[in-house]
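Enquirer: First the structure, which I've put down as structure tokens, then a few questions once you've had a look.
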Amino acid sequence: AIETGLTDPSTMGAANVLAGNLTAEEGSTLTITGTEGSSLTVGGALSADTLVVEAGTLKAQSGATVADLSIADAAAMEVAAGQTIDLTRGAIDGTLSGGEDSVLNIGSEVSVGADGSVAGFDVEIAENAKLALAGMLAANDLKGGSSAEIVGDGGTLSLAGTGSYAGTLSGSGTMEVLSGSSMSLNNATASSDWSIYNEGSMLIDLTESGSLTLSRLSLGAESDTTVRLNSDNGMEGLLTLGDLIIEEGADITMASTGAGQLAAGRQYTIGTVGGYEGADELKLSFSGTAFSQWDKVNTKVFIDENGNIIIDAVKAGTNPLAETANHANAKAGAALLWDAEAPVGGELEAAYNAVNDMIADGKTAAA
């Protein structure tokens with residue numbers, strides 16, 4: 001049954017307004033047809049088991065709940081500002097757009113065709129849900145847990161707000177982090193055919209996944225990018241990149257978790273690139289107690305002739321542990337820990353890490 005109060009609400013003239021609810025119950029299909037430039041505005045609740053928008057524009061002023069949505073390439077659906085569309089399944093070959101602070105919840109599987117576009121929403125991909133992307137998804141915010149999947153078919157995901165994604169990027173596609181936006185890839189996995197363009201702020205968290213493979217990583221002039229690793233697992237082989245482009249002015253930080261110290265006085269191969277555009281010497285900052293033995297100013301980062309991204313870790317000339325030593329025995333202990341190349345293993349490494357942790361926490365007297 002279709003509860004509308006209209007004789008035939010599915011056929012639109014130039015501009016139609018329905019103040020009440022529009023409901024297509026389970027097992028029924030609501031098909032919206034019209035002519036170019038025509039529209040149907042639904043002021044009340046819009047709920048449908050199957051909703052097909054064949055032509056014209058359907059405007060949902062109070063949001064929508066749809067189990068199966070189809071928008072043809074000549075059609076559009078608009079969700080009003082501040083409203084939510086809960087979509088279990090969908091095939092978007094036309095346009096689905098949302099006003100300010102609108103929300104799109106993807107419950108199971110939604111596809112955006114090559115000529116389709118979804119724009120203006122805060123997008124949340126539920127656990128075990130899938131977004132197939134051949135067209136454009138321009139999201140304000142984006143959320144996706146570890147079992148979410150974005151299947152690229154040459155499509156583009158553009159982020160203008162805040163994003164947090166821990167799922168899979170499969171197939172091929174492009175992620176754009178726009179200027180002023182921020183994106184966290186939280187141990188996400190990606191196929192080798194995905195590209196990321198960062199013009200804003202980005203965290204690539206590898207503390208659990210250990211590595212990330214991309215077709216291209218491009219870092220804009222005003223961007224900042226943090227690669228976070230777990231120092232207990234070392235820092236070899238973090239990134240495998242087809243191309244790496246770093247514009248002058250881009251900020252890059254290596255951050256660490258874990259208790260393990262990363263030895264100075266040696267080189268680390270943190271990844272590989274097939275092609276590189278940027279300065280001969282990369283400018284990286286280092287954050288975390290794992291780098292406490294490093295001379296962070298004189299440590300060099302470069303790409304060799306084989307495409308290896310190499311960090312030449314220079315040992316600091318000043319022992320930071322000695323700064324907390326206030327008697328002879330403490331100074332001797334500080335020197336012993338400093339002279340032992342980390343990670344040394346066993347009791348010495350445990351002592352070194354414990355002292356570093358206390359210094360980081362401001363407990364210098366205990367250290």
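Letters A, B, ... mark the chains of the structure tokens in the order given; residue numbers begin at 1 per chain; ligand numbers begin at 1, in order shown.
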Need the shell around Glu176 (chain A): protein/DNA/RNA residues with any atom at most 9 Å away, counting only C-alpha atoms. Skip same-chain ones fewer than 2 positions apart. Format as a PDB file with C-alpha atoms, in the first residue's frame?
Expert:
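Generated file (result-v2.pdb):
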```pdb
ATOM      1  CA  THR A 156      36.770   8.802  -6.652  1.00  0.00           C
ATOM      2  CA  LEU A 157      36.184   9.289  -2.931  1.00  0.00           C
ATOM      3  CA  SER A 158      36.609  12.943  -1.960  1.00  0.00           C
ATOM      4  CA  LEU A 159      36.661  14.029   1.697  1.00  0.00           C
ATOM      5  CA  ALA A 160      35.920  17.598   2.774  1.00  0.00           C
ATOM      6  CA  THR A 174      41.249   7.478  -5.883  1.00  0.00           C
ATOM      7  CA  LEU A 178      40.902  18.068   0.496  1.00  0.00           C
ATOM      8  CA  SER A 195      45.827   6.305  -5.179  1.00  0.00           C
ATOM      9  CA  ILE A 196      45.720   8.840  -2.347  1.00  0.00           C
ATOM     10  CA  TYR A 197      46.038  12.598  -2.818  1.00  0.00           C
ATOM     11  CA  ASN A 198      46.461  14.464   0.445  1.00  0.00           C
ATOM     12  CA  GLU A 199      45.968  18.228   0.472  1.00  0.00           C
TER      13      GLU A 199
END
```
Enquirer: Which polymer residues have any atom within 10 Å of an atom of Ser172 (chain A), counting only C-alpha atoms, with same-chain residues fewer than 4 positions away left out, as a PyMOL selection string?
Expert: chain A and resi 133-134+150-156+190-195+214-215
Enquirer: Step one, run DSSP on the backbone; step two, keep only residues of region 264-321 of chain A assigned to strand (DSSP E); then write them as a VMD selection string.
Expert: chain A and resid 266 to 277 281 to 282 285 to 287 300 to 303 308 to 313
Enquirer: Skip Gly116 (chain A) itself and residues of its chain fewer than 4 positions away, then list as a ChimeraX atom specification all residues within 6 Å of it, counting only C-alpha atoms.
Expert: /A:92-95,112,135
Enquirer: Taking all heavy atoms for each residue, export the selection above as a tab-separated table (two decimals), in the first residue's frame.
Expert:
```
chain	number	residue	atom	x	y	z
A	92	ILE	N	23.09	3.73	-7.53
A	92	ILE	CA	23.00	5.15	-7.82
A	92	ILE	C	23.67	5.41	-9.17
A	92	ILE	O	24.89	5.46	-9.27
A	92	ILE	CB	23.67	6.01	-6.72
A	92	ILE	CG1	23.28	5.52	-5.32
A	92	ILE	CG2	23.35	7.48	-6.92
A	92	ILE	CD1	21.82	5.57	-5.02
A	93	ASP	N	22.85	5.56	-10.21
A	93	ASP	CA	23.37	5.91	-11.53
A	93	ASP	C	23.10	7.37	-11.86
A	93	ASP	O	23.63	7.87	-12.85
A	93	ASP	CB	22.76	5.00	-12.59
A	93	ASP	CG	23.23	3.56	-12.43
A	93	ASP	OD1	24.45	3.34	-12.34
A	93	ASP	OD2	22.37	2.66	-12.36
A	94	GLY	N	22.28	8.02	-11.05
A	94	GLY	CA	22.03	9.44	-11.18
A	94	GLY	C	22.71	10.20	-10.05
A	94	GLY	O	23.89	9.98	-9.77
A	95	THR	N	21.94	11.05	-9.36
A	95	THR	CA	22.51	11.90	-8.31
A	95	THR	C	21.75	11.71	-7.00
A	95	THR	O	20.52	11.76	-6.97
A	95	THR	CB	22.44	13.38	-8.72
A	95	THR	OG1	23.17	13.56	-9.93
A	95	THR	CG2	23.03	14.26	-7.64
A	112	VAL	N	27.72	3.08	-6.71
A	112	VAL	CA	27.63	4.36	-7.40
A	112	VAL	C	28.21	4.14	-8.79
A	112	VAL	O	29.40	3.85	-8.94
A	112	VAL	CB	28.42	5.46	-6.66
A	112	VAL	CG1	28.29	6.79	-7.39
A	112	VAL	CG2	27.93	5.60	-5.22
A	135	GLY	N	31.76	5.84	-9.76
A	135	GLY	CA	31.56	7.26	-9.98
A	135	GLY	C	32.20	8.09	-8.87
A	135	GLY	O	33.32	7.82	-8.44
```
Enquirer: For Ser211 (chain A), list every protein, DNA or RNA residue within 10 Å, evaluated using only C-alpha atoms, and leave out those in the same chain fewer than 4 positions away; present the list as a list in words.
Expert: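 So the residues in contact are Asn187, Ala188, Thr189, Ala190, Ile204, Asp205, Leu206, Thr207, Leu229, Met235, Glu236, Gly237, Leu238, Leu239, Thr240, Ile270 and Gly271 of chain A.
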Enquirer: Selection from above, N, CA and C atoms, as a PDB file, in the first residue's frame, can you write it?
Expert:
```pdb
ATOM      1  N   ASN A 187      44.871   1.288  10.198  1.00  0.00           N
ATOM      2  CA  ASN A 187      45.249  -0.078   9.855  1.00  0.00           C
ATOM      3  C   ASN A 187      44.401  -0.629   8.713  1.00  0.00           C
ATOM      4  N   ALA A 188      43.978   0.273   7.835  1.00  0.00           N
ATOM      5  CA  ALA A 188      43.231  -0.131   6.649  1.00  0.00           C
ATOM      6  C   ALA A 188      44.151  -0.870   5.686  1.00  0.00           C
ATOM      7  N   THR A 189      43.563  -1.686   4.833  1.00  0.00           N
ATOM      8  CA  THR A 189      44.326  -2.374   3.799  1.00  0.00           C
ATOM      9  C   THR A 189      43.860  -1.876   2.443  1.00  0.00           C
ATOM     10  N   ALA A 190      44.783  -1.829   1.488  1.00  0.00           N
ATOM     11  CA  ALA A 190      44.450  -1.310   0.166  1.00  0.00           C
ATOM     12  C   ALA A 190      45.107  -2.164  -0.904  1.00  0.00           C
ATOM     13  N   ILE A 204      48.294   7.802   8.618  1.00  0.00           N
ATOM     14  CA  ILE A 204      48.367   6.439   8.117  1.00  0.00           C
ATOM     15  C   ILE A 204      48.866   5.581   9.271  1.00  0.00           C
ATOM     16  N   ASP A 205      47.934   4.903   9.925  1.00  0.00           N
ATOM     17  CA  ASP A 205      48.253   4.123  11.125  1.00  0.00           C
ATOM     18  C   ASP A 205      48.559   2.686  10.710  1.00  0.00           C
ATOM     19  N   LEU A 206      49.799   2.263  10.945  1.00  0.00           N
ATOM     20  CA  LEU A 206      50.246   0.923  10.564  1.00  0.00           C
ATOM     21  C   LEU A 206      50.615   0.080  11.780  1.00  0.00           C
ATOM     22  N   THR A 207      50.139   0.488  12.953  1.00  0.00           N
ATOM     23  CA  THR A 207      50.567  -0.173  14.190  1.00  0.00           C
ATOM     24  C   THR A 207      50.138  -1.629  14.251  1.00  0.00           C
ATOM     25  N   LEU A 229      53.842   3.841  13.329  1.00  0.00           N
ATOM     26  CA  LEU A 229      54.247   2.446  13.353  1.00  0.00           C
ATOM     27  C   LEU A 229      54.336   1.944  14.781  1.00  0.00           C
ATOM     28  N   MET A 235      60.803  -1.085  11.730  1.00  0.00           N
ATOM     29  CA  MET A 235      60.253  -0.096  10.798  1.00  0.00           C
ATOM     30  C   MET A 235      60.704  -0.376   9.364  1.00  0.00           C
ATOM     31  N   GLU A 236      60.805  -1.633   9.018  1.00  0.00           N
ATOM     32  CA  GLU A 236      61.160  -2.011   7.656  1.00  0.00           C
ATOM     33  C   GLU A 236      59.889  -2.302   6.853  1.00  0.00           C
ATOM     34  N   GLY A 237      59.909  -1.944   5.557  1.00  0.00           N
ATOM     35  CA  GLY A 237      58.841  -2.337   4.642  1.00  0.00           C
ATOM     36  C   GLY A 237      57.473  -1.785   4.960  1.00  0.00           C
ATOM     37  N   LEU A 238      57.393  -0.544   5.420  1.00  0.00           N
ATOM     38  CA  LEU A 238      56.106   0.033   5.805  1.00  0.00           C
ATOM     39  C   LEU A 238      55.249   0.409   4.601  1.00  0.00           C
ATOM     40  N   LEU A 239      55.880   0.920   3.536  1.00  0.00           N
ATOM     41  CA  LEU A 239      55.144   1.451   2.390  1.00  0.00           C
ATOM     42  C   LEU A 239      55.653   0.830   1.094  1.00  0.00           C
ATOM     43  N   THR A 240      54.714   0.395   0.250  1.00  0.00           N
ATOM     44  CA  THR A 240      55.032  -0.043  -1.101  1.00  0.00           C
ATOM     45  C   THR A 240      54.216   0.830  -2.044  1.00  0.00           C
ATOM     46  N   ILE A 270      62.375   1.769   4.803  1.00  0.00           N
ATOM     47  CA  ILE A 270      60.987   1.814   5.269  1.00  0.00           C
ATOM     48  C   ILE A 270      59.986   1.548   4.151  1.00  0.00           C
ATOM     49  N   GLY A 271      60.459   1.463   2.908  1.00  0.00           N
ATOM     50  CA  GLY A 271      59.534   1.186   1.824  1.00  0.00           C
ATOM     51  C   GLY A 271      60.214   1.272   0.474  1.00  0.00           C
TER      52      GLY A 271
END
```
Enquirer: Here is a test: counting only C-alpha atoms, which residue of A:Asp68, A:Glu281, A:Glu54, A:Asp295 is nearest to Ala24 (chain A)?
Expert: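 For Ala24 (chain A), the nearest of the candidates is A:Asp68.
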Enquirer: CA of Asn140 (chain A) and CA of Val52 (chain A), how far apart in Å?
Expert: 25.6 Å
Enquirer: I'd like the neighbourhood of Leu46 (chain A) as number ranges by chain, where a residue qualifies if any of its atoms comes within 6 Å (using only C-alpha atoms), though same-chain residues fewer than 6 positions away should be ignored.
Expert: A: 21-23, 64
Enquirer: Just to be explicit: take each residue in the selection above, keep C-alpha atoms, and write the result as a compact mmCIF listing (two decimals), in the first residue's frame.
Expert:
```
# COMPACT_ATOMS: atom_id res chain seq x y z
CA ASN A 21 4.09 10.64 4.63
CA LEU A 22 4.98 8.45 1.67
CA THR A 23 5.20 4.74 2.43
CA ALA A 64 14.18 8.51 4.26
```
Enquirer: Of the residues A:Ala259, A:Leu18, A:Ile252, A:Ala132, which is the one nearest to Leu284 (chain A), using only C-alpha atoms?
Expert: A:Ile252
Enquirer: Counting only C-alpha atoms, what is within 12 Å of Leu87 (chain A), bar same-chain residues fewer than 5 positions away, as a PyMOL selection string?
Expert: chain A and resi 46-51+63-70+92+96+103-111+123-126+129-131
Enquirer: Go through A:Glu248, A:Glu26, A:Asp280, A:Asp141 one by one, measure the shortest atom-to-atom distance of each to Glu222 (chain A) using only C-alpha atoms, and give the residue with the smallest value.
Expert: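 Among A:Glu248, A:Glu26, A:Asp280, A:Asp141, it is A:Glu248 that comes nearest to Glu222 (chain A).
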Enquirer: May I ask which of the residues A:Thr272, A:Ser201, A:Thr253, A:Thr33 is the closest one to Ile310 (chain A), counting only C-alpha atoms?
Expert: A:Thr272
Enquirer: Separation of CA of Ile245 (chain A) and CA of Asn308 (chain A), in Å?
Expert: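 Between these atoms lies a distance of 14.6 Å.
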Enquirer: May I ask for the distance between CA of Ala250 (chain A) and CA of Leu137 (chain A), given in Å to one decimal place?
Expert: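 CA of Ala250 (chain A) sits 25.7 Å away from CA of Leu137 (chain A).
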